[in-house]
Structures are given as C-alpha cells and as structure tokens.
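Engineer: Sharing data.csv, CSV, C-alpha atoms:
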```csv
chain,number,residue,atom,x,y,z
Z,239,MET,CA,3.2,14.7,27.0
Z,240,ASN,CA,0.7,14.2,24.1
Z,241,SER,CA,2.6,11.3,22.7
Z,242,ILE,CA,-0.6,9.3,22.2
Z,243,LYS,CA,-1.5,11.8,19.3
Z,244,PHE,CA,1.8,10.8,17.5
Z,245,LEU,CA,1.0,7.1,18.1
Z,246,TYR,CA,-2.4,7.5,16.5
Z,247,ALA,CA,-1.0,9.7,13.7
Z,248,ALA,CA,1.6,7.0,12.9
Z,249,TYR,CA,-1.1,4.3,12.9
Z,250,ILE,CA,-3.4,6.3,10.6
Z,251,ALA,CA,-0.4,7.1,8.3
Z,252,THR,CA,0.4,3.4,8.1
Z,253,TRP,CA,-3.1,2.4,7.0
Z,254,LEU,CA,-3.6,5.4,4.7
Z,255,THR,CA,-0.4,4.4,2.9
Z,256,HIS,CA,-1.7,0.8,2.5
Z,257,GLY,CA,-5.2,2.1,1.7
Z,258,PHE,CA,-4.0,4.3,-1.1
Z,259,TYR,CA,-2.0,1.4,-2.6
Z,260,LEU,CA,-5.0,-1.0,-2.3
Z,261,VAL,CA,-7.2,1.6,-4.0
Z,262,SER,CA,-4.6,1.9,-6.8
Z,263,LEU,CA,-4.8,-1.9,-7.3
Z,264,VAL,CA,-8.6,-1.8,-7.4
Z,265,SER,CA,-8.3,1.1,-9.9
Z,266,ARG,CA,-5.9,-0.9,-12.2
Z,267,TYR,CA,-8.2,-4.0,-12.0
Z,268,THR,CA,-11.2,-1.9,-12.8
Z,269,ARG,CA,-9.4,-0.3,-15.8
Z,270,TRP,CA,-8.5,-3.8,-17.0
Z,271,ARG,CA,-12.1,-5.1,-16.6
Z,272,GLN,CA,-13.5,-2.0,-18.5
Z,273,MET,CA,-11.0,-2.6,-21.3
Z,274,LYS,CA,-12.1,-6.2,-21.6
Z,275,VAL,CA,-15.7,-5.3,-21.5
Z,276,ALA,CA,-15.1,-2.5,-24.1
Z,277,GLN,CA,-13.3,-5.0,-26.3
Z,278,SER,CA,-16.2,-7.5,-26.2
Z,279,SER,CA,-19.1,-5.1,-26.4
Z,280,GLY,CA,-17.5,-2.4,-28.5
Z,281,VAL,CA,-18.9,0.2,-26.1
Z,282,TYR,CA,-17.1,2.0,-23.3
Z,283,VAL,CA,-19.1,3.2,-20.2
Z,284,GLN,CA,-17.2,4.5,-17.2
Z,285,ASN,CA,-18.2,2.7,-14.0
Z,286,HIS,CA,-16.8,5.3,-11.5
Z,287,LEU,CA,-16.0,2.4,-9.1
Z,288,VAL,CA,-12.7,3.9,-7.8
Z,289,PHE,CA,-14.3,7.3,-7.3
Z,290,ALA,CA,-17.1,5.6,-5.4
Z,291,ILE,CA,-14.7,3.7,-3.1
Z,292,LEU,CA,-12.7,6.8,-2.4
Z,293,VAL,CA,-15.8,8.9,-1.5
Z,294,THR,CA,-17.1,6.1,0.7
Z,295,ILE,CA,-13.9,6.0,2.7
Z,296,LEU,CA,-13.0,9.7,2.7
Z,297,CYS,CA,-16.3,11.5,2.4
Z,298,CYS,CA,-19.8,10.4,3.3
Z,299,LEU,CA,-20.4,6.6,3.9
Z,300,PRO,CA,-24.2,6.5,3.5
Z,301,ALA,CA,-24.0,8.2,0.1
Z,302,GLY,CA,-20.9,6.2,-0.9
Z,303,VAL,CA,-22.6,2.8,-0.5
Z,304,PRO,CA,-25.2,3.3,-3.2
Z,305,ALA,CA,-22.5,4.8,-5.4
Z,306,ILE,CA,-20.5,1.6,-5.1
Z,307,LEU,CA,-23.6,-0.5,-5.7
Z,308,TYR,CA,-24.5,1.3,-8.9
Z,309,ALA,CA,-20.8,1.4,-10.0
Z,310,ALA,CA,-20.6,-2.4,-9.5
Z,311,GLN,CA,-23.6,-2.9,-11.9
Z,312,VAL,CA,-22.1,-1.2,-14.9
Z,313,ASN,CA,-19.7,-3.9,-16.2
Z,314,GLY,CA,-22.3,-6.7,-15.6
Z,315,LYS,CA,-25.0,-4.8,-17.6
Z,316,LEU,CA,-22.5,-4.1,-20.4
Z,317,GLN,CA,-21.6,-7.7,-20.6
Z,318,ALA,CA,-25.3,-8.7,-20.7
Z,319,GLY,CA,-25.7,-6.2,-23.6
Z,320,ASP,CA,-27.8,-3.8,-21.6
Z,321,ILE,CA,-26.0,-0.6,-22.7
Z,322,ALA,CA,-28.8,1.7,-21.7
Z,323,GLY,CA,-28.9,0.1,-18.2
Z,324,ALA,CA,-25.1,0.4,-17.9
Z,325,ARG,CA,-25.3,4.1,-18.8
Z,326,THR,CA,-28.1,4.7,-16.3
Z,327,ALA,CA,-26.1,2.8,-13.5
Z,328,SER,CA,-23.0,4.8,-14.4
Z,329,LYS,CA,-24.9,8.1,-14.2
Z,330,LYS,CA,-26.5,7.1,-10.8
Z,331,ALA,CA,-23.0,6.0,-9.5
Z,332,LYS,CA,-21.6,9.4,-10.5
Z,333,MET,CA,-24.5,11.3,-9.0
Z,334,TRP,CA,-24.2,9.4,-5.6
Z,335,CYS,CA,-20.4,10.1,-5.6
Z,336,TRP,CA,-21.0,13.8,-5.9
Z,337,ILE,CA,-23.8,13.7,-3.3
Z,338,SER,CA,-21.2,12.1,-1.0
Z,339,VAL,CA,-18.7,14.8,-1.7
Z,340,GLY,CA,-21.3,17.5,-1.2
Z,341,ALA,CA,-22.5,16.0,2.1
Z,342,SER,CA,-19.0,15.8,3.5
Z,343,LEU,CA,-18.3,19.4,2.4
Z,344,ALA,CA,-21.6,20.6,4.0
Z,345,GLY,CA,-20.9,18.6,7.2
Z,346,GLY,CA,-17.4,20.1,7.3
Z,347,LEU,CA,-18.8,23.6,6.9
Z,348,VAL,CA,-21.4,23.1,9.6
Z,349,TYR,CA,-18.7,21.7,11.9
Z,350,LEU,CA,-16.4,24.7,11.1
Z,351,LEU,CA,-19.3,27.2,11.8
Z,352,ILE,CA,-20.1,25.5,15.1
Z,353,ALA,CA,-16.4,25.4,16.1
Z,354,VAL,CA,-16.0,29.1,15.3
Z,355,GLY,CA,-19.2,29.9,17.1
Z,356,VAL,CA,-18.1,28.0,20.2
Z,357,ALA,CA,-14.6,29.5,20.1
Z,358,GLY,CA,-16.2,33.0,19.8
Z,359,SER,CA,-18.6,32.5,22.7
Z,360,THR,CA,-15.9,31.2,25.0
Z,361,SER,CA,-13.4,34.0,24.2
Z,362,ARG,CA,-16.0,36.7,25.2
W,282,MET,CA,-7.2,-20.9,-5.2
W,283,LYS,CA,-10.0,-18.4,-5.7
W,284,ARG,CA,-11.7,-19.7,-2.5
W,285,ALA,CA,-8.5,-19.6,-0.5
W,286,PHE,CA,-8.0,-15.9,-1.1
W,287,PRO,CA,-11.1,-14.6,0.8
W,288,ILE,CA,-10.4,-17.1,3.6
W,289,LEU,CA,-6.8,-16.0,4.0
W,290,ALA,CA,-7.9,-12.3,3.8
W,291,ALA,CA,-10.4,-12.8,6.6
W,292,LEU,CA,-7.8,-14.7,8.7
W,293,THR,CA,-5.2,-11.9,8.0
W,294,ALA,CA,-7.7,-9.2,9.0
W,295,LEU,CA,-8.3,-11.0,12.3
W,296,LEU,CA,-4.6,-11.4,12.9
W,297,LEU,CA,-4.0,-7.7,12.2
W,298,ALA,CA,-6.8,-6.8,14.6
W,299,TYR,CA,-5.3,-9.0,17.3
W,300,ALA,CA,-1.8,-7.6,16.6
W,301,PHE,CA,-3.2,-4.1,16.9
W,302,TYR,CA,-4.8,-5.0,20.3
W,303,GLU,CA,-1.6,-6.5,21.6
W,304,ALA,CA,0.5,-3.5,20.4
W,305,MET,CA,-1.9,-0.9,21.9
W,306,TRP,CA,-3.0,-2.5,25.2
W,307,VAL,CA,-1.1,-5.6,26.0
W,308,ALA,CA,2.5,-4.7,25.4
W,309,PRO,CA,4.1,-3.1,28.5
W,310,MET,CA,4.7,0.7,28.3
W,311,GLU,CA,8.3,1.7,27.8
W,312,ARG,CA,9.5,3.8,30.7
W,313,THR,CA,11.3,6.8,29.0
W,314,MET,CA,9.3,7.2,25.8
W,315,GLY,CA,5.8,6.3,27.0
W,316,ASP,CA,3.0,5.4,24.6
W,317,VAL,CA,4.8,6.8,21.5
W,318,GLN,CA,7.2,3.8,21.7
W,319,ARG,CA,4.3,1.6,20.5
W,320,ILE,CA,4.9,2.9,17.0
W,321,PHE,CA,7.8,0.4,17.1
W,322,TYR,CA,5.2,-2.4,16.7
W,323,TYR,CA,4.4,-1.4,13.2
W,324,HIS,CA,7.5,0.6,12.2
W,325,VAL,CA,9.9,-2.4,12.7
W,326,PRO,CA,7.6,-5.1,11.2
W,327,SER,CA,7.1,-2.9,8.2
W,328,ALA,CA,10.8,-2.5,7.8
W,329,TRP,CA,11.4,-6.3,8.1
W,330,THR,CA,8.7,-7.0,5.6
W,331,ALA,CA,10.1,-4.5,3.2
W,332,PHE,CA,13.6,-6.1,3.5
W,333,LEU,CA,12.0,-9.5,3.0
W,334,LEU,CA,10.2,-8.3,-0.2
W,335,PHE,CA,13.4,-6.7,-1.6
W,336,THR,CA,15.2,-10.0,-0.9
W,337,VAL,CA,12.6,-11.9,-2.9
W,338,ASN,CA,12.9,-9.3,-5.6
W,339,LEU,CA,16.7,-9.9,-5.7
W,340,VAL,CA,16.2,-13.7,-6.0
W,341,ALA,CA,13.5,-13.3,-8.7
W,342,SER,CA,15.7,-10.9,-10.6
W,343,VAL,CA,18.7,-13.3,-10.5
W,344,VAL,CA,16.4,-16.1,-11.7
W,345,TYR,CA,15.2,-13.9,-14.5
W,346,LEU,CA,18.7,-13.0,-15.6
W,347,ILE,CA,19.7,-16.7,-15.6
W,348,ARG,CA,16.6,-18.3,-17.1
W,349,ARG,CA,14.6,-15.4,-18.7
W,350,ASN,CA,11.6,-16.7,-16.9
W,351,ALA,CA,8.6,-14.4,-17.2
W,352,LYS,CA,7.1,-15.6,-13.9
W,353,ALA,CA,10.3,-14.6,-12.1
W,354,ASP,CA,10.1,-11.2,-13.7
W,355,ALA,CA,6.5,-10.7,-12.6
W,356,VAL,CA,7.4,-11.8,-9.0
W,357,ALA,CA,10.3,-9.2,-9.1
W,358,VAL,CA,8.0,-6.4,-10.1
W,359,VAL,CA,5.3,-7.3,-7.5
W,360,CYS,CA,7.8,-7.6,-4.7
W,361,ALA,CA,9.5,-4.3,-5.6
W,362,GLU,CA,6.1,-2.5,-5.7
W,363,VAL,CA,4.7,-3.9,-2.4
W,364,GLY,CA,8.2,-3.5,-0.8
W,365,VAL,CA,8.2,0.2,-1.7
W,366,VAL,CA,4.8,0.6,0.0
W,367,PHE,CA,6.1,-1.0,3.2
W,368,CYS,CA,9.3,1.1,3.0
W,369,THR,CA,7.1,4.2,2.6
W,370,VAL,CA,5.4,3.2,5.9
W,371,VAL,CA,8.8,3.0,7.5
W,372,LEU,CA,9.8,6.4,6.2
W,373,VAL,CA,6.5,8.0,7.4
W,374,THR,CA,6.2,6.4,10.8
W,375,GLY,CA,9.9,6.9,11.7
W,376,PRO,CA,9.7,10.8,11.7
W,377,ILE,CA,6.3,10.7,13.5
W,378,TRP,CA,8.1,8.7,16.3
W,379,ALA,CA,11.2,10.9,16.1
W,380,ARG,CA,9.4,14.2,16.6
W,381,PRO,CA,8.3,13.7,20.3
W,382,VAL,CA,11.3,11.5,21.2
W,383,TRP,CA,14.2,13.4,19.5
W,384,GLY,CA,12.5,16.8,19.1
W,385,ILE,CA,13.2,16.7,15.3
W,386,TRP,CA,11.4,15.0,12.4
W,387,TRP,CA,14.5,14.0,10.4
W,388,THR,CA,18.3,13.8,10.7
W,389,TRP,CA,20.8,12.7,8.1
W,390,ASP,CA,22.2,9.8,10.1
W,391,VAL,CA,23.4,6.6,8.5
W,392,ARG,CA,20.3,4.4,9.1
W,393,LEU,CA,17.8,7.1,8.0
W,394,THR,CA,19.8,8.1,4.9
W,395,THR,CA,20.5,4.5,3.7
W,396,THR,CA,16.7,3.8,4.1
W,397,LEU,CA,15.8,6.8,2.0
W,398,VAL,CA,18.4,5.8,-0.6
W,399,LEU,CA,16.9,2.2,-0.6
W,400,TRP,CA,13.4,3.7,-1.2
W,401,LEU,CA,14.7,5.9,-4.0
W,402,ILE,CA,16.4,3.0,-5.7
W,403,TYR,CA,13.3,0.9,-5.7
W,404,VAL,CA,11.1,3.9,-6.8
W,405,SER,CA,13.6,4.3,-9.7
W,406,TYR,CA,13.1,0.6,-10.5
W,407,LEU,CA,9.3,1.0,-10.6
W,408,VAL,CA,9.6,4.2,-12.8
W,409,LEU,CA,11.9,2.2,-15.2
W,410,ARG,CA,9.3,-0.6,-15.3
W,411,ARG,CA,6.5,1.8,-15.9
W,412,PHE,CA,7.9,4.2,-18.5
W,413,SER,CA,10.3,2.1,-20.5
W,414,ASP,CA,8.8,0.2,-23.5
W,415,SER,CA,12.0,-1.5,-24.6
W,416,SER,CA,12.3,-5.3,-24.7
W,417,GLN,CA,15.5,-4.8,-22.6
W,418,THR,CA,13.5,-3.3,-19.7
W,419,PRO,CA,13.2,-6.5,-17.6
W,420,LYS,CA,16.9,-7.1,-18.0
W,421,LEU,CA,17.9,-3.6,-17.0
W,422,ALA,CA,15.4,-3.6,-14.1
W,423,ALA,CA,16.8,-7.0,-12.9
W,424,VAL,CA,20.3,-5.4,-12.8
W,425,LEU,CA,19.0,-2.4,-11.0
W,426,ALA,CA,17.3,-4.7,-8.5
W,427,ILE,CA,20.6,-6.4,-7.7
W,428,PHE,CA,22.2,-3.1,-7.2
W,429,GLY,CA,19.4,-1.9,-5.0
W,430,ALA,CA,19.5,-5.1,-2.9
W,431,LEU,CA,23.1,-4.3,-2.0
W,432,ASP,CA,21.7,-1.5,0.1
W,433,VAL,CA,19.5,-3.8,2.2
W,434,PRO,CA,22.3,-5.2,4.4
W,435,LEU,CA,23.8,-1.7,4.5
W,436,VAL,CA,20.5,-0.4,6.0
W,437,TYR,CA,20.1,-3.4,8.4
W,438,PHE,CA,23.7,-3.4,9.7
W,439,SER,CA,24.2,0.4,9.8
W,440,ILE,CA,23.2,0.6,13.4
W,441,TRP,CA,25.6,-2.2,14.3
W,442,PHE,CA,28.7,-0.7,12.7
W,443,PHE,CA,28.1,3.0,13.0
W,444,ARG,CA,27.3,5.3,15.9
W,445,THR,CA,23.8,6.6,14.9
W,446,GLN,CA,21.1,8.6,16.4
W,447,HIS,CA,18.7,5.8,15.5
W,448,PRO,CA,18.1,3.4,18.4
W,449,GLN,CA,20.5,0.4,18.6
W,450,PRO,CA,19.3,-3.1,17.6
W,451,VAL,CA,16.9,-4.7,20.1
W,452,ILE,CA,17.5,-8.2,18.7
W,453,GLY,CA,21.1,-9.3,18.2
W,454,GLY,CA,24.0,-6.9,18.2
W,455,GLY,CA,24.1,-6.9,22.0
W,456,GLY,CA,20.6,-5.4,22.3
W,457,SER,CA,17.9,-6.7,24.7
W,458,ILE,CA,14.1,-6.5,24.8
W,459,ASP,CA,11.4,-7.4,27.3
W,460,PRO,CA,10.1,-10.9,26.3
W,461,ARG,CA,6.5,-9.6,26.3
W,462,MET,CA,7.5,-6.8,23.9
W,463,LEU,CA,9.3,-9.3,21.7
W,464,HIS,CA,6.2,-11.5,21.7
W,465,VAL,CA,4.0,-8.5,20.5
W,466,LEU,CA,6.7,-7.5,18.0
W,467,LEU,CA,6.7,-11.0,16.4
W,468,ILE,CA,2.9,-11.2,16.3
W,469,ASN,CA,2.8,-7.9,14.5
W,470,TRP,CA,5.5,-9.0,12.1
W,471,LEU,CA,3.5,-12.2,11.3
W,472,ALA,CA,0.4,-10.1,10.7
W,473,PHE,CA,2.1,-7.6,8.4
W,474,SER,CA,3.9,-10.5,6.6
W,475,CYS,CA,0.6,-12.2,6.0
W,476,PHE,CA,-0.9,-8.9,4.7
W,477,ALA,CA,2.1,-8.4,2.4
W,478,PHE,CA,1.7,-11.9,1.1
W,479,LEU,CA,-2.0,-11.3,0.3
W,480,VAL,CA,-1.3,-8.0,-1.4
W,481,CYS,CA,1.5,-9.6,-3.4
W,482,TRP,CA,-0.9,-12.4,-4.5
W,483,ALA,CA,-3.5,-10.0,-5.7
W,484,ARG,CA,-0.9,-7.8,-7.4
W,485,TYR,CA,0.7,-10.9,-9.1
W,486,ARG,CA,-2.7,-11.9,-10.5
W,487,LEU,CA,-3.2,-8.3,-11.8
W,488,GLU,CA,0.3,-8.4,-13.4
W,489,TRP,CA,-0.6,-11.5,-15.3
W,490,LEU,CA,-4.0,-10.1,-16.4
W,491,HIS,CA,-2.2,-7.0,-17.8
W,492,ARG,CA,0.5,-9.1,-19.5
W,493,GLU,CA,-2.1,-11.3,-21.1
W,494,ALA,CA,-4.1,-8.2,-22.3
W,495,GLU,CA,-0.9,-6.7,-23.7
W,496,GLU,CA,-0.1,-9.9,-25.6
W,497,GLU,CA,-3.6,-10.1,-27.0
W,498,GLU,CA,-3.4,-6.5,-28.1
W,499,ALA,CA,0.0,-7.1,-29.7
W,500,LEU,CA,-1.4,-10.2,-31.5
W,501,ALA,CA,-4.5,-8.2,-32.6
W,502,SER,CA,-2.4,-5.4,-34.0
W,503,LEU,CA,-0.3,-8.0,-35.9
W,504,HIS,CA,-3.3,-9.7,-37.4
W,505,GLY,CA,-5.2,-6.4,-37.9
W,506,PRO,CA,-3.8,-5.1,-41.2
W,507,SER,CA,-4.2,-8.5,-43.0
W,508,GLN,CA,-7.9,-8.7,-42.4
```
Can you dump the structure from the file as structure tokens?

Structural biologist:
Amino acid sequence: MNSIKFLYAAYIATWLTHGFYLVSLVSRYTRWRQMKVAQSSGVYVQNHLVFAILVTILCCLPAGVPAILYAAQVNGKLQAGDIAGARTASKKAKMWCWISVGASLAGGLVYLLIAVGVAGSTSR
Amino acid sequence: MKRAFPILAALTALLLAYAFYEAMWVAPMERTMGDVQRIFYYHVPSAWTAFLLFTVNLVASVVYLIRRNAKADAVAVVCAEVGVVFCTVVLVTGPIWARPVWGIWWTWDVRLTTTLVLWLIYVSYLVLRRFSDSSQTPKLAAVLAIFGALDVPLVYFSIWFFRTQHPQPVIGGGGSIDPRMLHVLLINWLAFSCFAFLVCWARYRLEWLHREAEEEEALASLHGPSQ
C-alpha cells in the first residue's frame, strides 16, 4: 500500500494552505507599506516583494534571493528620497523574479525531456 | 512586544519541527491503516484549533454587540480568518486520509457535511466583512458569527450522537487511544495552537494598521475640500 504518499500529500497540503495565507498577509502588509510610502513621498514605485517571495518558494531559490533583496530595498530608498534608486531596485527585483520563473521552466523542460527519453529507451 | 514576536516565532518553529518528528517517527504505527493514520496528528489538532478560534470569534462578537468595542471587533475578524485557514486544512487533509482508508475522497456523512457548512458560514462572514462598506457591517457580522458558532458543537458532537462513517471519538465518548499516540497528538495540538496564536498576533497588528490608515484617509477626505 502506498499510503506514505497520501501522508506526505496531506502534510504538503497543510503547509501549502498555511503558506498561501502567510504570503497573503505579507502581501497585505506590503500594500499598506507602499501606500504609506506613496503618501509621504508622493511617488509610487512597485516593490514586487510578494512576487519575489512566491518565486523563491515555488520556482528557483538562487534567483529568488536577489529578487527579495532588491524588492526589500525599494521602500527604504523611497523613504530616503532616492526615487531613481528605488526605481532601479524595483526593476532589478522584477528582472530576478522573471529569471527565477524562466530558470524553473527551463529546469522543468529539461527534466521532462530526460524523463521522456528515459521512458522511451526503457520501453524499446 | 516587538522583540517577543521573533523569539516566539523561533520557539514555535522548533516546537512544530519537534511535533513533526514525533508524529512521523516516534508515534506507534496504527495496525489497520498503517502510516496514513499519521495524518491524524495534524488533521485533528487543526480541527481543534479551528474550533478554538471560532469560539474566540463568538466571545469577541458578543463583546462587540454589548460594548461596541473596536478591539473586540478586530479580534473577531482575525479569529474568523485564521480559523477558516485551519478549517480549510481539515477539509483538505480529511479527504486525503479518506481515499486510501475508505476508498473514496468524500461522503455526505454528518461530520463531514457539518464541517463543510461551518467553513461556508465563516467564509460568508469574511466575504461580508470584505465587501460590505456599511457602518452596520460589524454588527451584522457579529450576528452571523453567533449563528456560525452554533455549528461548532454540532460538528464536534455529531460523531457522538449519530452513526457516521467518520471515525468515532478517541478522547471521551467511550473512545480510547494509546497513551503514546495521545502524547504526540497533544504535542501537535500545542504546536499548532502556538502557530495559530502567532498568526493571529501578526494579523491583528495588520488589522489595526489598516484601520488606522482608513481613519487617516477618511479624515484627509473630510479636511481636503476646505483647504
């Protein structure tokens, strides 16, 4: 009986549910922070923090970490009045997010090709 | 208070890791179901935590109706939201356990149906809070919360009073459990309760930040035209 698979599936489902909720809390907090920063500086620059957290967890961790680091710099730079710096950090955060997405898609494609190749060679 | 949060978060993470270790490797294996029975160690604590949160939501709603206390209203919203997350875990892990044990994902038995109804009532509560702008919303939500809380004892005692496909109670109601299993179950409940408390704390803080921002915005819009 492969009941262990169901056990792990239930465990993963439990923490995915909690994980999504925690990400939603971070997202709401980020929106509030951005609103406050926009009110004080009069400029709105998107920080992509939630996108960065999601790609770090779900896609490619090595590319997700710089995305989070750049995303975390945006609000601080805006508050310090460094609007150009905030925009650059925002752009870099977005770029690393998409690199993470691309890397995970490329990895998945390579895995799929290898899996299909192995399945093809064993069936012959 | 700001320092206490990361310390408590670290302690809770350690407790959750220990509870996971106990559930996976220390608790004895159940004879008929095998390893899949270990889902019990996070399905049941999640259910108890959800019930606890819905009970706090009930108390906070009653306090709000009597005293019109904004803090009680915030506690009610927070507990309902986190309670729905834990109830979702119950509704997701239950069918994953049922598939290998019963051979089906879902059946409309009393325990399962009343739990689904409980989840739907509190989701309705959250939808009401989210999309209604009326000043009467907290009052209406408090009444709905009292109505929803009536379902909690119905869910809990359904397996005592009805013949259900859901397993019979293991604590009370004539049920019995291996003391080692009970120990692991209680550790897991403690870990999940601490986690729920932390999440509620963070969510409560966020709720206040949003309420303050809304108040500021309302004040600004009042003063705006005169400037």

Engineer: Quick one: contact table of chain W to chain Z, 9 Å max, nearest atom pair and distance in Å to one decimal per residue, counting all atoms listed in the file, chain and number order, as a Markdown table?

Structural biologist:
```
| residue | atom | partner | partner_atom | distance |
| --- | --- | --- | --- | --- |
| W:Met314 | CA | Z:Ser241 | CA | 8.4 |
| W:Gly315 | CA | Z:Ser241 | CA | 7.3 |
| W:Asp316 | CA | Z:Ile242 | CA | 5.8 |
| W:Val317 | CA | Z:Leu245 | CA | 5.1 |
| W:Gln318 | CA | Z:Leu245 | CA | 7.9 |
| W:Arg319 | CA | Z:Leu245 | CA | 6.8 |
| W:Ile320 | CA | Z:Leu245 | CA | 5.8 |
| W:Tyr323 | CA | Z:Tyr249 | CA | 7.9 |
| W:His324 | CA | Z:Thr252 | CA | 8.7 |
| W:Val363 | CA | Z:Tyr259 | CA | 8.5 |
| W:Val366 | CA | Z:His256 | CA | 7.0 |
| W:Phe367 | CA | Z:His256 | CA | 8.0 |
| W:Thr369 | CA | Z:Thr255 | CA | 7.5 |
| W:Val370 | CA | Z:Thr252 | CA | 5.5 |
| W:Val371 | CA | Z:Thr252 | CA | 8.4 |
| W:Val373 | CA | Z:Ala251 | CA | 7.0 |
| W:Thr374 | CA | Z:Ala248 | CA | 5.1 |
| W:Gly375 | CA | Z:Ala248 | CA | 8.4 |
| W:Ile377 | CA | Z:Ala248 | CA | 6.0 |
| W:Trp378 | CA | Z:Phe244 | CA | 6.7 |
| W:Arg380 | CA | Z:Phe244 | CA | 8.4 |
| W:Pro381 | CA | Z:Ser241 | CA | 6.6 |
| W:Val382 | CA | Z:Ser241 | CA | 8.8 |
| W:Val480 | CA | Z:Leu260 | CA | 8.0 |
| W:Ala483 | CA | Z:Leu263 | CA | 8.4 |
| W:Arg484 | CA | Z:Leu263 | CA | 7.1 |
| W:Leu487 | CA | Z:Tyr267 | CA | 6.6 |
| W:Leu490 | CA | Z:Trp270 | CA | 7.8 |
| W:His491 | CA | Z:Trp270 | CA | 7.1 |
| W:Ala494 | CA | Z:Trp270 | CA | 8.2 |
```

Engineer: Nearest residue to Asp390 in chain W out of W:Val436, W:Lys420, W:Ala426, W:Leu409, using all atoms listed in the file?

Structural biologist: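 Residue with the minimum atom-to-atom distance to Asp390 in chain W: W:Val436.
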
Engineer: Name the closest residue to Pro304 in chain Z among the candidates Z:Leu316, Z:Ala322, Z:His286, Z:Lys330; distances are taken between atoms, counting all atoms listed in the file.

Structural biologist: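 The closest residue to Pro304 in chain Z is Z:Lys330.
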
Engineer: If you measure from CA of Phe412 in chain W to CA of Leu397 in chain W, what distance in Å do you get, rounded to one decimal?

Structural biologist: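 It comes out at 22.1 Å.
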
Engineer: If we count all atoms listed in the file, what is near Tyr345 in chain W at a cut-off of 12 Å, once residues fewer than 3 positions away on the same chain are taken out, given as a VMD selection string?

Structural biologist: chain W and resid 338 to 342 348 to 358 418 to 424 426 to 427

Engineer: Nearest residue to Val303 in chain Z out of Z:Ile291, Z:Gly280, Z:Ala318, Z:Val354, using all atoms listed in the file?

Structural biologist: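 The closest residue to Val303 in chain Z is Z:Ile291.
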
Engineer: I need the residue nearest Tyr406 in chain W from this list: W:Tyr302, W:Phe428, W:Trp387, W:Tyr485. Use all atoms listed in the file for the distance.

Structural biologist: W:Phe428

Engineer: Find the distance between CA of Ser439 in chain W and CA of Ala477 in chain W and write it in Å to one decimal.

Structural biologist: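 These atoms are spaced 24.9 Å apart.
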
Engineer: Excluding Gly323 in chain Z and residues on its chain fewer than 3 positions from it, collect all residues at most 12 Å away from it, counting only C-alpha atoms, and give them as a list of chain:residue names.

Structural biologist: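 That gives Z:Val283, Z:Asn285, Z:Tyr308, Z:Ala309, Z:Gln311, Z:Val312, Z:Asn313, Z:Gly314, Z:Lys315, Z:Leu316, Z:Gln317, Z:Ala318, Z:Gly319, Z:Asp320, Z:Thr326, Z:Ala327, Z:Ser328, Z:Lys329, Z:Lys330.
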
Engineer: Next, write the just-selected residues to a file, as a PDB file, in the frame of the given file, keeping C-alpha atoms as the atom set.

Structural biologist:
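As a result, selection11.pdb now contains:
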```pdb
ATOM      1  CA  VAL Z 283     -19.100   3.200 -20.200  1.00  0.00           C
ATOM      2  CA  ASN Z 285     -18.200   2.700 -14.000  1.00  0.00           C
ATOM      3  CA  TYR Z 308     -24.500   1.300  -8.900  1.00  0.00           C
ATOM      4  CA  ALA Z 309     -20.800   1.400 -10.000  1.00  0.00           C
ATOM      5  CA  GLN Z 311     -23.600  -2.900 -11.900  1.00  0.00           C
ATOM      6  CA  VAL Z 312     -22.100  -1.200 -14.900  1.00  0.00           C
ATOM      7  CA  ASN Z 313     -19.700  -3.900 -16.200  1.00  0.00           C
ATOM      8  CA  GLY Z 314     -22.300  -6.700 -15.600  1.00  0.00           C
ATOM      9  CA  LYS Z 315     -25.000  -4.800 -17.600  1.00  0.00           C
ATOM     10  CA  LEU Z 316     -22.500  -4.100 -20.400  1.00  0.00           C
ATOM     11  CA  GLN Z 317     -21.600  -7.700 -20.600  1.00  0.00           C
ATOM     12  CA  ALA Z 318     -25.300  -8.700 -20.700  1.00  0.00           C
ATOM     13  CA  GLY Z 319     -25.700  -6.200 -23.600  1.00  0.00           C
ATOM     14  CA  ASP Z 320     -27.800  -3.800 -21.600  1.00  0.00           C
ATOM     15  CA  THR Z 326     -28.100   4.700 -16.300  1.00  0.00           C
ATOM     16  CA  ALA Z 327     -26.100   2.800 -13.500  1.00  0.00           C
ATOM     17  CA  SER Z 328     -23.000   4.800 -14.400  1.00  0.00           C
ATOM     18  CA  LYS Z 329     -24.900   8.100 -14.200  1.00  0.00           C
ATOM     19  CA  LYS Z 330     -26.500   7.100 -10.800  1.00  0.00           C
TER      20      LYS Z 330
END
```

Engineer: Could you tell me how far CA of Phe301 in chain W sits from CA of Trp400 in chain W, in Å to one decimal place?

Structural biologist: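 CA of Phe301 in chain W lies 25.8 Å from CA of Trp400 in chain W.
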
Engineer: Here is a test: counting all atoms listed in the file, which residue of Z:Ile321, Z:Cys297, Z:Gly302, Z:Lys332 is nearest to Gly345 in chain Z?

Structural biologist: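 For Gly345 in chain Z, the nearest of the candidates is Z:Cys297.
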
Engineer: Taking all atoms listed in the file into account, name the residue in W:Ala379, W:Ala298, W:Val391, W:Leu425 that is nearest to Leu346 in chain W.

Structural biologist: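 Among the listed residues, W:Leu425 lies closest to Leu346 in chain W.
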
Engineer: List the spatial neighbours of Pro434 in chain W as an mmCIF file with C-alpha atoms, in the frame of the given file - criterion: any atom at most 12 Å away, all atoms listed in the file, same-chain residues fewer than 5 positions off excluded.

Structural biologist:
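Wrote selection.cif, looks like this:
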```
data_model
loop_
_atom_site.group_PDB
_atom_site.id
_atom_site.type_symbol
_atom_site.label_atom_id
_atom_site.label_comp_id
_atom_site.auth_asym_id
_atom_site.auth_seq_id
_atom_site.Cartn_x
_atom_site.Cartn_y
_atom_site.Cartn_z
ATOM 1 C CA TRP W 329 11.400 -6.300 8.100
ATOM 2 C CA PHE W 332 13.600 -6.100 3.500
ATOM 3 C CA LEU W 333 12.000 -9.500 3.000
ATOM 4 C CA PHE W 335 13.400 -6.700 -1.600
ATOM 5 C CA THR W 336 15.200 -10.000 -0.900
ATOM 6 C CA ARG W 392 20.300 4.400 9.100
ATOM 7 C CA THR W 395 20.500 4.500 3.700
ATOM 8 C CA THR W 396 16.700 3.800 4.100
ATOM 9 C CA LEU W 399 16.900 2.200 -0.600
ATOM 10 C CA PHE W 428 22.200 -3.100 -7.200
ATOM 11 C CA GLY W 429 19.400 -1.900 -5.000
ATOM 12 C CA SER W 439 24.200 0.400 9.800
ATOM 13 C CA ILE W 440 23.200 0.600 13.400
ATOM 14 C CA TRP W 441 25.600 -2.200 14.300
ATOM 15 C CA PHE W 442 28.700 -0.700 12.700
#
```

Engineer: Show me the residues close to (-25.5, 10.6, 2.5) - anything with an atom within 10 Å, counting all atoms listed in the file - and format the list as a PyMOL selection string.

Structural biologist: chain Z and resi 294+297-304+334-335+337-342
